[in-house]
Amino acid sequence: MSKKFLSGNLAGKALNNENKLILIATYRAFIHSKMDIKHMDQAKISIVIHTSFGGLESVEQFSSGIKKNSLKPNSFACSSPSVPASIISMCWGIRGPSLTVVSPRFSEEAVLESASDLAGIDTPEWVICGYCHFSTLSSVESQNQMQSQLPDFAKIWITKWKI
Amino acid sequence: MDDKVVVSGVGVIASNGENFIEFSENLLNGISGIKKIQSFSTAELPFKYGGEIENIPSLGLSKKEMRRWDRSTRLAMKAGDESMNGIRLISTPPYRRAIVMGATLGGSVSAGKYYRLLKEKKQVKASLLLEYGLYTAGSHLSAKYNFKGQNLAISTACSSSNIAIGYAKDLIKSGVADLVMAGGVDPFSELPWAGFGALRNVAPLYPQPFDKNRKGLVLGEGAGILVLEKLSHCLKRGGKPLAIISGYGTSSDAYHMTAPDITGKGQALAMNLALQDSGLDVTDVDYIQAHGTGTIYNDLVETRAIKRVFGERAYQIPVTSIKAMIGHTLGASGVLGVIAAIVSLSKNRLIPTVNYETPDPQCDLDYVPNLGREQVVNHVLVNNFGFGGNNCSIIVSKFNG
């Protein structure tokens with residue numbers, strides 16, 4: 001499903017590179033897990049994603065459009081940090097809670113901590129966990145000033161929550 | 001004693017009220033904050049009205065701090081200061097105090113400035129980009145009030161602040177924190193204005209939620225922050241509970257980037273999960289604070305979802321949208337709905353949906369048109385839905401202490 005999604009028009013026109021990275025990582029995680037999501041209760045699957053800024057690439061594109069007076073609605077729609085989690089939900093039909101935490105710290109522990117806190121509401125059976133960062137003109141400049149560099153990456157893993 | 005999570009502090013700033021008392025009175029009396037935009041030129045835009053806050057209090061900041069802090073940070077600090085007013089924290093260790101804030105775009109004014117400077121190849125300051133981070137408002141609040149527990153920024157588009165409140169409730173219930181500041185903020189900036197304009201769902205004049213002739217949303221800005229804690233913790237430190245956060249539920253539509261699932265299934269799932277979490281029955285809910293943006297699809301789908309959950313009883317439950325008075329405040333809209341629910345619970349009065357003129361046969365519930373009314377209110381369902389199909393519903397209940 002994801003492969004088709006990535007190769008369609010939507011990928012080319014609507015998704016920014018951060019979203020594409022997260023979709024590829026999720027696709028690989030599903031392949032690796034051998035989960036048959038079609039036969040699962042998709043309302044019992046949650047998504048928890050941590051991101052550094054989220055959507056900054058689309059913010060830049062859209063801001064550029066404002067100056068040139070050529071606004072692309074998709075760029076605005078992708079400018080919210082919550083889009084990667086929503087894209088996973090749309091792509092795999094996941095209807096449980098989807099949570100995006102904007103945080104400068106990346107670690108498995110931080111993501112699992114958020115998932116653990118979220119689990120209190122409606123204990124999911126599975127949680128799609130992950131984090132992502134995508135460099136943009138702005139973030140690279142900012143990192144240069146702070147003398148740190150983060151590579152582009154997306155990491156996704158699927159956790160069996162209810163045992 | 002059933003140790004519920006209670007609201008013990010409220011802070012708010014919106015276009016029709018710069019504090020809780022002003023906001024409450026204006027909501028109950030149907031006084032709108034929607035007016036012609038002053039803070040930037042609307043000459044090139046097809047829409048010129050919004051829920052803009054005219055004067056953001058200086059908060060005792062220096063000129064340098066005023067320049068450096070993003071508009072969203074200043075709004076959040078204003079709401080945070082009010083929510084913490086009179087709250088004594090001596091008995092609560094700093095590491096047991098947490099902050100969970102929601103925002104759709106966060107410090108987008110600073111992001112816009114940063115990007116412009118970068119494009120013009122002028123000297124840029126990393127501090128501008130740091131003010132863009134959705135966690136920045138929470139960081140300032142944690143520094144000011146010495147909150148050393150978790151500082152989380154939740155982003156689930158326009159449902160961010162309701163999910164932040166629900167998440168805060170879970171932090172308290174699971175024993176991770178004793179006291180949490182939770183809420184949301186989003187300011188006026190060029191980005192959402194141009195963005196919603198590009199999506200062609202902005203009304204040219206006033207928002208008319210649930211009206212047959214509604215033409216779209218009108219943007220607003222604001223911040224709302226609640227102080228949450230367990231009832232026992234609140235009473236022990238001499239606090240006064242204002243309301244109970246009885247339950248919350250979240251779901252995903254898994255449908256479209258910007259449009260809601262037309263069947264209302266996803267929104268209904270969030271409402272049902274909130275009822276389940278609260279232990280209440282559909283017959284217990286006596287008022288609904290709707291998401292009610294005033295767009296054709298949102299209001300139609302929300303009405304369908306309410307009918308899915310409540311069946312025939314949906315026609316007996318009053319439904320209000322405060323967005324008719326303050327506009328769509330994006331990441332703050334959920335918490336402002338919760339604060340409106342607290343107003344109704346404490347006053348036993350329903351808030352009107354203003355600008356309602358023509359009934360829509362497809363939106364046929366009781367929307368409390370134009371005039372508020374008296375009614376005993378015990379449990380309010382607060383709906384909050386966002387782009388990408390992020391749904392969250394919260395049930396706020398009266399505290400009978």
# chains A, B, ... in the order shown; residues from 1 in each chain; ligands from 1
>>> select_by_dssp(residues="segment 129-258 of chain B", states="strand (DSSP E or B)", output="ChimeraX atom specification")
/B:151-154,156,158,179-186,202,211,217,219-220,222-230,243-252
>>> closest_residue(among="B:Ala111, B:Leu59, B:Ile21, B:Met77", to="chain A", atoms="only C-alpha atoms")
B:Ala111
>>> residues_around(residues="segment 69-84 of chain A", least_positions_apart="3", cutoff="9 Å", atoms="only C-alpha atoms", output="ChimeraX atom specification")
/A:13-16,18-20,22-23,49,51-66,87-89,98-102,132 /B:104-105,154-157,191-192,194-200,257-258,387-388,390
>>> closest_residue(among="B:Ala324, B:Val124, B:Leu28, B:Leu381", to="chain A", atoms="only C-alpha atoms")
B:Val124
>>> residues_around(residues="Ser278 of chain B", least_positions_apart="6", cutoff="12 Å", atoms="only C-alpha atoms", output="compact mmCIF listing (two decimals) with C-alpha atoms, in the first residue's frame")
# COMPACT_ATOMS: atom_id res chain seq x y z
CA ILE A 121 -6.09 6.48 27.55
CA ASP A 122 -7.00 3.47 25.53
CA LYS B 4 -10.20 12.56 39.95
CA VAL B 5 -7.96 14.89 37.97
CA GLY B 166 -5.61 14.47 27.93
CA LYS B 169 -4.34 13.86 32.75
CA ILE B 244 -13.08 17.70 36.74
CA ILE B 245 -11.42 16.32 33.62
CA SER B 246 -13.51 13.15 33.54
CA GLY B 247 -12.21 11.53 30.40
CA TYR B 248 -10.77 11.91 26.96
CA GLY B 249 -10.50 9.97 23.75
CA MET B 271 -16.34 10.85 21.50
CA ASN B 272 -17.09 7.22 22.40
CA ASP B 284 -25.14 11.91 31.27
CA VAL B 285 -23.82 14.46 28.76
CA HIS B 379 -21.04 17.13 32.05
CA VAL B 380 -19.80 18.86 28.90
CA LEU B 381 -18.31 17.08 25.89
CA SER B 393 -12.87 14.74 22.68
CA ILE B 394 -12.75 15.62 26.36
CA ILE B 395 -15.47 15.39 28.99
CA VAL B 396 -15.38 18.13 31.62
CA SER B 397 -17.60 17.70 34.68
